[in-house]
$ cat model17.pdb   # PDB, C-alpha atoms
MODEL        1
ATOM      1  CA  MET A   5     -24.724   6.168 -71.809
ATOM      2  CA  ALA A   6     -24.870   9.892 -71.172
ATOM      3  CA  THR A   7     -21.425  11.117 -70.192
ATOM      4  CA  ALA A   8     -20.235  14.684 -70.084
ATOM      5  CA  LYS A   9     -18.873  14.497 -73.625
ATOM      6  CA  ASN A  10     -21.712  13.065 -75.607
ATOM      7  CA  ARG A  11     -24.530  14.532 -73.550
ATOM      8  CA  PRO A  12     -26.844  16.668 -75.691
ATOM      9  CA  ALA A  13     -26.347  20.357 -75.142
ATOM     10  CA  LYS A  14     -30.010  21.232 -75.219
ATOM     11  CA  GLN A  15     -32.188  21.680 -72.204
ATOM     12  CA  SER A  16     -34.637  19.026 -71.146
ATOM     13  CA  ASP A  17     -38.399  19.338 -70.821
ATOM     14  CA  PHE A  18     -38.055  19.521 -67.068
ATOM     15  CA  HIS A  19     -35.803  22.574 -67.406
ATOM     16  CA  VAL A  20     -38.439  24.297 -69.515
ATOM     17  CA  LYS A  21     -41.017  23.453 -66.890
ATOM     18  CA  LEU A  22     -38.806  24.807 -64.089
ATOM     19  CA  ALA A  23     -38.066  28.040 -65.964
ATOM     20  CA  ARG A  24     -41.774  28.545 -66.621
ATOM     21  CA  GLU A  25     -43.220  27.652 -63.234
ATOM     22  CA  LEU A  26     -40.612  28.918 -60.756
ATOM     23  CA  PRO A  27     -40.803  32.742 -61.178
ATOM     24  CA  PRO A  28     -44.574  33.081 -60.458
ATOM     25  CA  LEU A  29     -44.106  31.033 -57.275
ATOM     26  CA  LEU A  30     -41.348  33.396 -56.096
ATOM     27  CA  ASP A  31     -43.044  36.762 -56.771
ATOM     28  CA  ASN A  32     -41.321  37.089 -60.166
ATOM     29  CA  MET A  33     -37.883  37.351 -58.627
ATOM     30  CA  PRO A  34     -35.108  37.526 -61.308
ATOM     31  CA  LEU A  35     -33.659  34.028 -61.356
ATOM     32  CA  ASP A  36     -31.291  34.071 -64.375
ATOM     33  CA  PHE A  37     -32.329  30.504 -65.057
ATOM     34  CA  GLU A  38     -29.973  28.876 -67.534
ATOM     35  CA  ALA A  39     -29.727  25.269 -68.665
ATOM     36  CA  LYS A  40     -26.152  24.186 -69.370
ATOM     37  CA  ASP A  41     -27.106  20.838 -70.908
ATOM     38  CA  ASP A  42     -29.872  18.294 -70.327
ATOM     39  CA  TRP A  43     -28.635  17.647 -66.773
ATOM     40  CA  LEU A  44     -27.236  20.803 -65.163
ATOM     41  CA  ALA A  45     -29.058  24.088 -64.764
ATOM     42  CA  THR A  46     -27.948  27.173 -62.890
ATOM     43  CA  MET A  47     -29.924  29.948 -61.284
ATOM     44  CA  ARG A  48     -29.505  32.612 -58.638
ATOM     45  CA  CYS A  49     -31.716  33.433 -55.710
ATOM     46  CA  ASP A  50     -32.078  36.185 -53.106
ATOM     47  CA  LYS A  51     -30.890  35.102 -49.719
ATOM     48  CA  GLY A  52     -34.230  35.840 -48.074
ATOM     49  CA  ALA A  53     -36.117  33.519 -50.424
ATOM     50  CA  ILE A  54     -33.835  30.490 -50.216
ATOM     51  CA  LEU A  55     -35.929  28.635 -47.638
ATOM     52  CA  LYS A  56     -39.128  29.221 -49.600
ATOM     53  CA  LEU A  57     -37.405  28.106 -52.796
ATOM     54  CA  SER A  58     -36.096  24.989 -51.066
ATOM     55  CA  LYS A  59     -39.553  23.998 -49.908
ATOM     56  CA  ILE A  60     -40.979  24.504 -53.389
ATOM     57  CA  LEU A  61     -38.193  22.528 -55.032
ATOM     58  CA  SER A  62     -38.367  19.723 -52.503
ATOM     59  CA  GLU A  63     -42.127  19.277 -52.393
ATOM     60  CA  ARG A  64     -43.324  20.330 -55.819
ATOM     61  CA  PHE A  65     -40.423  19.429 -58.092
ATOM     62  CA  ILE A  66     -39.132  16.401 -56.109
ATOM     63  CA  PHE A  67     -35.528  17.491 -55.600
ATOM     64  CA  GLU A  68     -34.647  14.735 -53.185
ATOM     65  CA  HIS A  69     -30.864  14.900 -52.939
ATOM     66  CA  PHE A  70     -28.893  17.751 -51.427
ATOM     67  CA  SER A  71     -25.286  17.405 -52.580
ATOM     68  CA  LEU A  72     -23.521  20.338 -51.006
ATOM     69  CA  VAL A  73     -23.483  23.950 -50.015
ATOM     70  CA  THR A  74     -20.146  25.680 -50.334
ATOM     71  CA  ALA A  75     -19.112  29.246 -49.653
ATOM     72  CA  VAL A  76     -16.917  31.425 -51.855
ATOM     73  CA  ASP A  77     -15.273  34.700 -50.868
ATOM     74  CA  ARG A  78     -15.762  37.136 -53.773
ATOM     75  CA  LEU A  79     -13.928  39.961 -51.916
ATOM     76  CA  ASP A  80     -16.936  42.312 -52.092
ATOM     77  CA  LYS A  81     -19.445  39.671 -50.985
ATOM     78  CA  PHE A  82     -19.781  36.020 -50.097
ATOM     79  CA  GLU A  83     -21.441  33.586 -52.429
ATOM     80  CA  LEU A  84     -23.136  30.375 -51.399
ATOM     81  CA  ILE A  85     -23.470  27.646 -54.003
ATOM     82  CA  TYR A  86     -26.081  24.944 -53.487
ATOM     83  CA  HIS A  87     -26.087  21.797 -55.568
ATOM     84  CA  ILE A  88     -29.327  19.849 -55.429
ATOM     85  CA  THR A  89     -30.422  16.975 -57.581
ATOM     86  CA  SER A  90     -33.695  15.460 -58.697
ATOM     87  CA  TYR A  91     -32.997  11.915 -59.847
ATOM     88  CA  GLN A  92     -36.602  11.357 -60.873
ATOM     89  CA  ASN A  93     -36.518  14.272 -63.291
ATOM     90  CA  HIS A  94     -32.839  13.866 -64.224
ATOM     91  CA  CYS A  95     -31.803  17.366 -63.244
ATOM     92  CA  MET A  96     -29.090  18.937 -61.138
ATOM     93  CA  LEU A  97     -29.711  22.502 -60.079
ATOM     94  CA  GLU A  98     -26.986  24.905 -59.025
ATOM     95  CA  ILE A  99     -28.275  27.831 -56.986
ATOM     96  CA  ARG A 100     -26.031  30.795 -56.285
ATOM     97  CA  VAL A 101     -26.907  33.072 -53.390
ATOM     98  CA  ALA A 102     -25.091  36.358 -52.822
ATOM     99  CA  VAL A 103     -24.503  37.167 -49.160
ATOM    100  CA  PRO A 104     -23.302  40.649 -48.130
ATOM    101  CA  LYS A 105     -20.224  40.708 -45.939
ATOM    102  CA  ASP A 106     -21.614  43.025 -43.301
ATOM    103  CA  ASP A 107     -24.709  40.870 -42.750
ATOM    104  CA  ALA A 108     -23.575  37.289 -43.356
ATOM    105  CA  LYS A 109     -26.747  35.533 -42.282
ATOM    106  CA  VAL A 110     -28.748  33.071 -44.362
ATOM    107  CA  PRO A 111     -31.796  30.952 -43.503
ATOM    108  CA  SER A 112     -30.805  27.331 -43.036
ATOM    109  CA  VAL A 113     -32.206  24.691 -45.398
ATOM    110  CA  THR A 114     -31.561  21.856 -42.949
ATOM    111  CA  PRO A 115     -35.293  21.552 -42.091
ATOM    112  CA  VAL A 116     -35.920  20.754 -45.777
ATOM    113  CA  TRP A 117     -32.875  18.573 -46.570
ATOM    114  CA  GLY A 118     -31.180  16.918 -43.611
ATOM    115  CA  GLY A 119     -28.046  16.459 -45.675
ATOM    116  CA  ALA A 120     -27.373  20.177 -45.467
ATOM    117  CA  ASN A 121     -26.575  19.941 -41.775
ATOM    118  CA  TRP A 122     -22.831  19.339 -41.820
ATOM    119  CA  HIS A 123     -22.242  21.333 -44.997
ATOM    120  CA  GLU A 124     -23.730  24.416 -43.402
ATOM    121  CA  ARG A 125     -21.673  23.826 -40.289
ATOM    122  CA  GLU A 126     -18.569  23.655 -42.452
ATOM    123  CA  ALA A 127     -19.505  26.848 -44.272
ATOM    124  CA  TYR A 128     -19.887  28.531 -40.898
ATOM    125  CA  ASP A 129     -16.608  27.043 -39.715
ATOM    126  CA  MET A 130     -14.534  28.210 -42.656
ATOM    127  CA  MET A 131     -16.290  31.397 -43.794
ATOM    128  CA  GLY A 132     -18.301  32.558 -40.819
ATOM    129  CA  ILE A 133     -21.653  32.596 -42.542
ATOM    130  CA  VAL A 134     -24.367  32.178 -39.926
ATOM    131  CA  PHE A 135     -27.229  29.852 -40.879
ATOM    132  CA  GLU A 136     -30.324  30.924 -39.011
ATOM    133  CA  GLY A 137     -32.587  28.134 -37.836
ATOM    134  CA  HIS A 138     -29.845  25.523 -37.945
ATOM    135  CA  PRO A 139     -30.464  22.826 -35.308
ATOM    136  CA  ASP A 140     -26.798  22.507 -34.292
ATOM    137  CA  PRO A 141     -24.875  25.672 -35.176
ATOM    138  CA  ARG A 142     -21.437  24.701 -33.897
ATOM    139  CA  ARG A 143     -18.068  24.485 -35.588
ATOM    140  CA  ILE A 144     -17.437  21.117 -37.192
ATOM    141  CA  LEU A 145     -13.758  20.822 -38.177
ATOM    142  CA  LEU A 146     -11.902  23.338 -36.041
ATOM    143  CA  PRO A 147     -11.851  23.485 -32.227
ATOM    144  CA  GLN A 148     -14.918  25.032 -30.661
ATOM    145  CA  ASP A 149     -12.901  27.883 -29.149
ATOM    146  CA  TYR A 150     -11.219  28.859 -32.422
ATOM    147  CA  LEU A 151     -11.451  32.592 -32.994
ATOM    148  CA  TYR A 152     -11.123  33.053 -36.765
ATOM    149  CA  PHE A 153     -12.697  31.988 -40.041
ATOM    150  CA  PRO A 154      -9.635  30.793 -41.913
ATOM    151  CA  LEU A 155     -10.866  30.547 -45.508
ATOM    152  CA  ARG A 156     -11.773  34.207 -45.709
ATOM    153  CA  LYS A 157      -9.506  36.196 -47.986
ATOM    154  CA  ASP A 158      -8.657  38.717 -45.270
ATOM    155  CA  PHE A 159      -7.396  35.990 -42.917
ATOM    156  CA  ASN A 160      -3.640  35.630 -42.664
ATOM    157  CA  MET A 161      -1.492  33.662 -40.286
ATOM    158  CA  GLU A 162       0.356  36.756 -39.080
ATOM    159  CA  GLY A 163      -2.877  38.276 -37.849
ATOM    160  CA  GLU A 164      -3.781  35.150 -35.897
TER     161      GLU A 164
ATOM    162  CA  MET B  18      -9.187  -2.484  11.320
ATOM    163  CA  ARG B  19     -11.213  -2.772   8.136
ATOM    164  CA  SER B  20      -9.665  -4.106   4.973
ATOM    165  CA  LYS B  21      -9.781  -0.684   3.310
ATOM    166  CA  ASP B  22      -7.950   0.868   6.231
ATOM    167  CA  PHE B  23      -5.434  -1.955   6.124
ATOM    168  CA  MET B  24      -4.767  -1.330   2.457
ATOM    169  CA  SER B  25      -4.125   2.373   2.941
ATOM    170  CA  TRP B  26      -1.998   1.629   6.015
ATOM    171  CA  ALA B  27       0.016  -0.905   4.045
ATOM    172  CA  ASP B  28       0.464   1.508   1.156
ATOM    173  CA  ASP B  29       1.656   4.215   3.519
ATOM    174  CA  TRP B  30       4.058   1.870   5.215
ATOM    175  CA  PHE B  31       5.381   0.546   1.949
ATOM    176  CA  GLY B  32       5.787   4.032   0.536
ATOM    177  CA  ARG B  33       7.547   5.268   3.655
ATOM    178  CA  VAL B  34       9.972   2.390   3.830
ATOM    179  CA  MET B  35      10.560   1.630   0.181
ATOM    180  CA  LYS B  36      10.209   4.931  -1.639
ATOM    181  CA  LYS B  37      11.558   7.418   0.859
ATOM    182  CA  GLY B  38      13.702   5.331   3.203
ATOM    183  CA  PRO B  39      17.150   3.863   2.854
ATOM    184  CA  ILE B  40      15.807   0.402   1.986
ATOM    185  CA  GLY B  41      14.348   1.663  -1.281
ATOM    186  CA  ARG B  42      17.527   3.526  -2.117
ATOM    187  CA  GLY B  43      19.582   0.465  -1.370
ATOM    188  CA  LEU B  44      17.403  -1.782  -3.475
ATOM    189  CA  ASP B  45      17.516   0.730  -6.321
ATOM    190  CA  HIS B  46      21.273   0.877  -6.040
ATOM    191  CA  LEU B  47      21.501  -2.887  -6.302
ATOM    192  CA  LEU B  48      18.816  -3.397  -8.908
ATOM    193  CA  THR B  49      19.204  -0.404 -11.253
ATOM    194  CA  ASP B  50      20.940  -2.494 -13.883
ATOM    195  CA  PHE B  51      18.038  -4.914 -13.757
ATOM    196  CA  TRP B  52      15.408  -2.169 -14.021
ATOM    197  CA  THR B  53      17.272  -0.570 -16.927
ATOM    198  CA  TRP B  54      17.607  -3.898 -18.708
ATOM    199  CA  ALA B  55      13.890  -4.504 -18.282
ATOM    200  CA  ARG B  56      12.953  -1.067 -19.588
ATOM    201  CA  VAL B  57      15.290  -1.168 -22.526
ATOM    202  CA  ASN B  58      13.945  -4.479 -23.733
ATOM    203  CA  SER B  59      10.247  -3.799 -23.278
ATOM    204  CA  LEU B  60       9.510  -0.488 -24.975
ATOM    205  CA  TYR B  61       5.795  -0.612 -25.548
ATOM    206  CA  PRO B  62       4.586   2.208 -27.796
ATOM    207  CA  LEU B  63       0.999   3.319 -28.018
ATOM    208  CA  HIS B  64      -0.753   2.031 -31.105
ATOM    209  CA  PHE B  65      -1.822   5.477 -32.258
ATOM    210  CA  GLY B  66      -1.543   6.422 -35.890
ATOM    211  CA  ILE B  67      -2.346   9.910 -37.152
ATOM    212  CA  MET B  68      -1.387   9.929 -40.816
ATOM    213  CA  CYS B  69       0.809   8.225 -43.404
ATOM    214  CA  CYS B  70       3.746   7.609 -41.044
ATOM    215  CA  ALA B  71       1.467   5.093 -39.328
ATOM    216  CA  LEU B  72       1.914   2.861 -42.382
ATOM    217  CA  GLU B  73       5.675   2.930 -41.897
ATOM    218  CA  MET B  74       5.054   2.143 -38.253
ATOM    219  CA  ALA B  75       3.125  -0.926 -39.385
ATOM    220  CA  ALA B  76       5.863  -1.816 -41.855
ATOM    221  CA  ALA B  77       8.521  -1.547 -39.166
ATOM    222  CA  SER B  78       6.633  -3.953 -36.930
ATOM    223  CA  GLY B  79       6.027  -6.386 -39.766
ATOM    224  CA  ALA B  80       8.056  -9.453 -40.596
ATOM    225  CA  ARG B  81      10.627  -7.771 -42.823
ATOM    226  CA  PHE B  82      11.951  -5.228 -40.338
ATOM    227  CA  ASP B  83      10.566  -6.780 -37.150
ATOM    228  CA  ALA B  84      10.726  -4.075 -34.508
ATOM    229  CA  GLN B  85       9.585  -6.671 -32.015
ATOM    230  CA  ARG B  86      13.141  -8.002 -31.682
ATOM    231  CA  LEU B  87      13.915  -4.726 -29.905
ATOM    232  CA  GLY B  88      10.987  -5.300 -27.570
ATOM    233  CA  VAL B  89       8.729  -2.848 -29.381
ATOM    234  CA  ILE B  90       5.242  -4.264 -29.047
ATOM    235  CA  TYR B  91       2.268  -2.019 -29.734
ATOM    236  CA  ARG B  92      -0.356  -1.733 -27.028
ATOM    237  CA  SER B  93      -3.785  -0.281 -27.502
ATOM    238  CA  THR B  94      -4.218   1.521 -24.213
ATOM    239  CA  PRO B  95      -1.959   4.282 -22.901
ATOM    240  CA  ARG B  96      -1.957   2.746 -19.430
ATOM    241  CA  GLN B  97       0.169  -0.162 -20.626
ATOM    242  CA  CYS B  98       2.625   1.948 -22.613
ATOM    243  CA  ASP B  99       6.102   3.334 -22.037
ATOM    244  CA  MET B 100       6.503   5.248 -25.276
ATOM    245  CA  LEU B 101       4.255   7.660 -27.127
ATOM    246  CA  LEU B 102       4.999   7.486 -30.829
ATOM    247  CA  VAL B 103       3.587  10.625 -32.462
ATOM    248  CA  ASN B 104       3.484  10.030 -36.192
ATOM    249  CA  GLY B 105       1.789  12.779 -38.100
ATOM    250  CA  PRO B 106       0.586  16.352 -37.962
ATOM    251  CA  VAL B 107      -1.153  17.231 -34.729
ATOM    252  CA  SER B 108      -4.111  19.443 -35.459
ATOM    253  CA  LYS B 109      -5.296  21.984 -32.944
ATOM    254  CA  LYS B 110      -8.367  19.865 -32.374
ATOM    255  CA  LEU B 111      -6.282  16.762 -31.595
ATOM    256  CA  ARG B 112      -3.909  18.590 -29.276
ATOM    257  CA  PRO B 113      -5.883  18.280 -25.986
ATOM    258  CA  ASP B 114      -6.648  14.609 -26.638
ATOM    259  CA  LEU B 115      -2.996  13.785 -27.364
ATOM    260  CA  ARG B 116      -1.963  15.588 -24.204
ATOM    261  CA  ARG B 117      -4.525  13.517 -22.342
ATOM    262  CA  LEU B 118      -3.133  10.280 -23.798
ATOM    263  CA  TYR B 119       0.315  11.376 -22.640
ATOM    264  CA  ASP B 120      -0.991  12.125 -19.164
ATOM    265  CA  GLN B 121      -2.686   8.728 -18.950
ATOM    266  CA  MET B 122       0.579   6.880 -19.541
ATOM    267  CA  SER B 123       2.286   5.706 -16.377
ATOM    268  CA  GLU B 124       5.814   6.726 -15.474
ATOM    269  CA  PRO B 125       8.433   6.206 -16.737
ATOM    270  CA  LYS B 126       7.452   7.367 -20.221
ATOM    271  CA  TRP B 127       9.205   8.622 -23.301
ATOM    272  CA  VAL B 128       7.996  10.419 -26.386
ATOM    273  CA  VAL B 129       9.246   9.875 -29.917
ATOM    274  CA  ALA B 130       8.362  12.450 -32.583
ATOM    275  CA  MET B 131       8.365  10.598 -35.858
ATOM    276  CA  GLY B 132       8.381  12.343 -39.221
ATOM    277  CA  GLU B 133       8.496  15.956 -40.317
ATOM    278  CA  CYS B 134       4.909  16.680 -39.313
ATOM    279  CA  ALA B 135       5.382  15.679 -35.700
ATOM    280  CA  ILE B 136       8.735  17.479 -35.510
ATOM    281  CA  SER B 137       7.772  20.830 -36.985
ATOM    282  CA  GLY B 138       4.463  20.618 -38.836
ATOM    283  CA  GLY B 139       6.143  19.539 -42.072
ATOM    284  CA  PRO B 140       4.357  20.567 -45.264
ATOM    285  CA  PHE B 141       1.429  21.818 -43.181
ATOM    286  CA  TRP B 142       3.595  24.338 -41.346
ATOM    287  CA  ASN B 143       2.104  27.812 -41.002
ATOM    288  CA  THR B 144      -1.477  26.794 -41.613
ATOM    289  CA  TYR B 145      -4.487  27.598 -39.526
ATOM    290  CA  SER B 146      -5.171  24.205 -38.008
ATOM    291  CA  ILE B 147      -1.784  22.581 -37.298
ATOM    292  CA  VAL B 148       0.356  22.644 -34.163
ATOM    293  CA  GLU B 149       3.894  23.326 -35.346
ATOM    294  CA  GLY B 150       5.664  20.448 -33.696
ATOM    295  CA  VAL B 151       4.548  18.114 -30.963
ATOM    296  CA  ASP B 152       7.266  19.463 -28.644
ATOM    297  CA  GLN B 153       5.200  22.578 -28.110
ATOM    298  CA  PHE B 154       3.083  20.744 -25.566
ATOM    299  CA  ILE B 155       4.776  17.389 -24.849
ATOM    300  CA  PRO B 156       8.454  16.868 -23.945
ATOM    301  CA  VAL B 157      10.070  14.859 -26.745
ATOM    302  CA  ASP B 158      13.032  12.527 -26.244
ATOM    303  CA  VAL B 159      13.886  11.340 -29.738
ATOM    304  CA  TYR B 160      13.206  12.958 -33.108
ATOM    305  CA  ILE B 161      13.210  10.693 -36.151
ATOM    306  CA  PRO B 162      13.352  12.731 -39.365
ATOM    307  CA  GLY B 163      11.927  11.577 -42.660
ATOM    308  CA  CYS B 164       8.869  12.115 -44.781
ATOM    309  CA  PRO B 165       7.716   9.458 -44.253
ATOM    310  CA  VAL B 166      10.219   7.764 -41.966
ATOM    311  CA  ARG B 167      11.846   4.650 -43.369
ATOM    312  CA  PRO B 168      11.493   1.581 -41.139
ATOM    313  CA  GLU B 169      15.300   1.412 -40.832
ATOM    314  CA  ALA B 170      15.270   4.964 -39.482
ATOM    315  CA  MET B 171      12.565   3.970 -37.024
ATOM    316  CA  LEU B 172      14.674   1.089 -35.732
ATOM    317  CA  GLU B 173      17.624   3.488 -35.442
ATOM    318  CA  GLY B 174      15.425   5.851 -33.454
ATOM    319  CA  PHE B 175      14.301   3.073 -31.143
ATOM    320  CA  MET B 176      17.927   2.138 -30.537
ATOM    321  CA  LYS B 177      18.744   5.778 -29.817
ATOM    322  CA  LEU B 178      15.967   5.782 -27.241
ATOM    323  CA  GLN B 179      17.349   2.572 -25.741
ATOM    324  CA  ASP B 180      20.752   4.225 -25.432
ATOM    325  CA  LYS B 181      19.146   7.149 -23.702
ATOM    326  CA  ILE B 182      17.379   4.872 -21.231
ATOM    327  CA  ARG B 183      20.642   3.033 -20.557
ATOM    328  CA  LYS B 184      22.363   6.329 -19.790
ATOM    329  CA  GLU B 185      19.525   7.578 -17.607
ATOM    330  CA  ARG B 186      19.970   4.698 -15.088
ATOM    331  CA  LYS B 187      16.841   5.583 -13.177
ATOM    332  CA  GLY B 188      15.716   3.519 -10.235
ATOM    333  CA  ALA B 189      12.243   2.070 -10.091
ATOM    334  CA  LEU B 190      11.452   2.786  -6.445
ATOM    335  CA  THR B 191      12.898   6.212  -5.723
ATOM    336  CA  GLU B 192      12.725   9.252  -7.924
ATOM    337  CA  GLU B 193      16.431  10.024  -7.500
ATOM    338  CA  MET B 194      19.043   9.225 -10.056
ATOM    339  CA  VAL B 195      21.373   6.479  -8.919
TER     340      VAL B 195
ENDMDL
END

$ encode --input "model17.pdb" --output "structure tokens"
Amino acid sequence: MATAKNRPAKQSDFHVKLARELPPLLDNMPLDFEAKDDWLATMRCDKGAILKLSKILSERFIFEHFSLVTAVDRLDKFELIYHITSYQNHCMLEIRVAVPKDDAKVPSVTPVWGGANWHEREAYDMMGIVFEGHPDPRRILLPQDYLYFPLRKDFNMEGE
Amino acid sequence: MRSKDFMSWADDWFGRVMKKGPIGRGLDHLLTDFWTWARVNSLYPLHFGIMCCALEMAAASGARFDAQRLGVIYRSTPRQCDMLLVNGPVSKKLRPDLRRLYDQMSEPKWVVAMGECAISGGPFWNTYSIVEGVDQFIPVDVYIPGCPVRPEAMLEGFMKLQDKIRKERKGALTEEMV
């Protein structure tokens, strides 16, 4: 059984295929594709190309499961981290998207994976990142009339 | 006279004679001990659990501690309740709904804040989503400290509330104190 300890550290054939076929489909964008082991691979993506990349991954490479999107405050920028999985090809892909603070808008991937719906609402709720094209762009955990985005680093309770 | 008109006429007459007139005051004066006895021995709290104190609430009503011998029977609708037992942190999203539950309860009603979270916010104090104490928007009669509250402390709190009701000596018909 492949657990985290005894999993082979080399990349799988599917990772080689992804690293070879993805850049030409995305206008040779720098992806920094890196396979961690035979299961997890990481890459980065420009925020404008995330919807195109999602469609390619979903339709061409059969990534059927969207695990999560989470937002991180890196002080100079936001970072969105998508985890998507292809169980057929035994691969989990971690996509990091840098989002500038002064223009925190990202295309929504909810039309591609319905599971992204509430995760994107939560990212908006806590970090204030606007997902364009989202079918239901409301807050999800906090009251609808809440004024702040509490997980940002510059939020403090005194300023509330 | 139609039946609807009769009902409103009868309500008016009853209210005028019983609630505002001397008959109501006299009956209250005679029967206050009975009303108080009835209230003290039938404290129905709302079956409304927010967080882990709700487990202690269940334990206190179980066979070992048996809050039912004090007349504490949990009801599932606020319209049948006398006591609102707030047991847990009230988030800002829950606040309007809890206020609405309180407003739906019929008079007379009492509120018990149970546990640190309901009293002051507890370990979640000074965070972005928690109301710091339920007494910021609902008048509270009895505070029961503990994190979580022991069932013995809950029974003590219920008895404190019973003492308070005994000392209130409110009539059932008129709003005045007897």

$ closest_atom_pairs --input "model17.pdb" --of "chain B" --to "chain A" --cutoff "10 Å" --atoms "only C-alpha atoms" --output "Markdown table"
| residue | atom | partner | partner_atom | distance |
| --- | --- | --- | --- | --- |
| B:Ser108 | CA | A:Leu146 | CA | 8.7 |
| B:Lys109 | CA | A:Pro147 | CA | 6.8 |
| B:Lys110 | CA | A:Pro147 | CA | 5.0 |
| B:Leu111 | CA | A:Pro147 | CA | 8.8 |
| B:Arg112 | CA | A:Pro147 | CA | 9.8 |
| B:Asn143 | CA | A:Met161 | CA | 6.9 |
| B:Thr144 | CA | A:Met161 | CA | 7.0 |
| B:Tyr145 | CA | A:Pro154 | CA | 6.5 |
| B:Ser146 | CA | A:Leu146 | CA | 7.1 |

$ atom_distance --input "model17.pdb" --atom1 "CA of Leu48 in chain B" --atom2 "CA of Asp120 in chain B"
27.2 Å

$ residues_around --input "model17.pdb" --residues "Lys37 in chain B" --least-positions-apart "4" --cutoff "10 Å" --atoms "only C-alpha atoms" --output "PyMOL selection string"
chain B and resi 31-33+41-42+190-192

$ resolve_selection --input "model17.pdb" --expression "the PyMOL selection byres ((chain A and resi 58) around 10)" --output "VMD selection string"
chain A and resid 53 to 57 59 to 65 67 88 112 to 117

$ resolve_selection --input "model17.pdb" --expression "the PyMOL selection byres ((chain A and resi 87) around 12)" --output "ChimeraX atom specification"
/A:44-48,58,67-75,84-86,88-90,95-101,117,119-120,123

$ closest_residue --input "model17.pdb" --among "B:Lys21, B:Arg81, B:Lys187, B:His64" --to "His46 in chain B" --atoms "all atoms listed in the file"
B:Lys187

$ resolve_selection --input "model17.pdb" --expression "the PyMOL selection byres ((chain B and resi 133) around 12)" --output "ChimeraX atom specification"
/B:68-70,103-107,130-132,134-142,149-151,160-166

$ residues_around --input "model17.pdb" --residues "range 180-186 of chain B" --least-positions-apart "3" --cutoff "9 Å" --atoms "only C-alpha atoms" --output "list of chain:residue names"
B:Thr49, B:Asp50, B:Trp52, B:Thr53, B:Trp54, B:Arg56, B:Val57, B:Asp158, B:Phe175, B:Met176, B:Lys177, B:Met194, B:Val195

$ residues_around --input "model17.pdb" --residues "Val103 in chain A" --least-positions-apart "6" --cutoff "7 Å" --atoms "only C-alpha atoms" --output "JSON, numbers by chain"
{"A": [51, 81, 82, 83]}
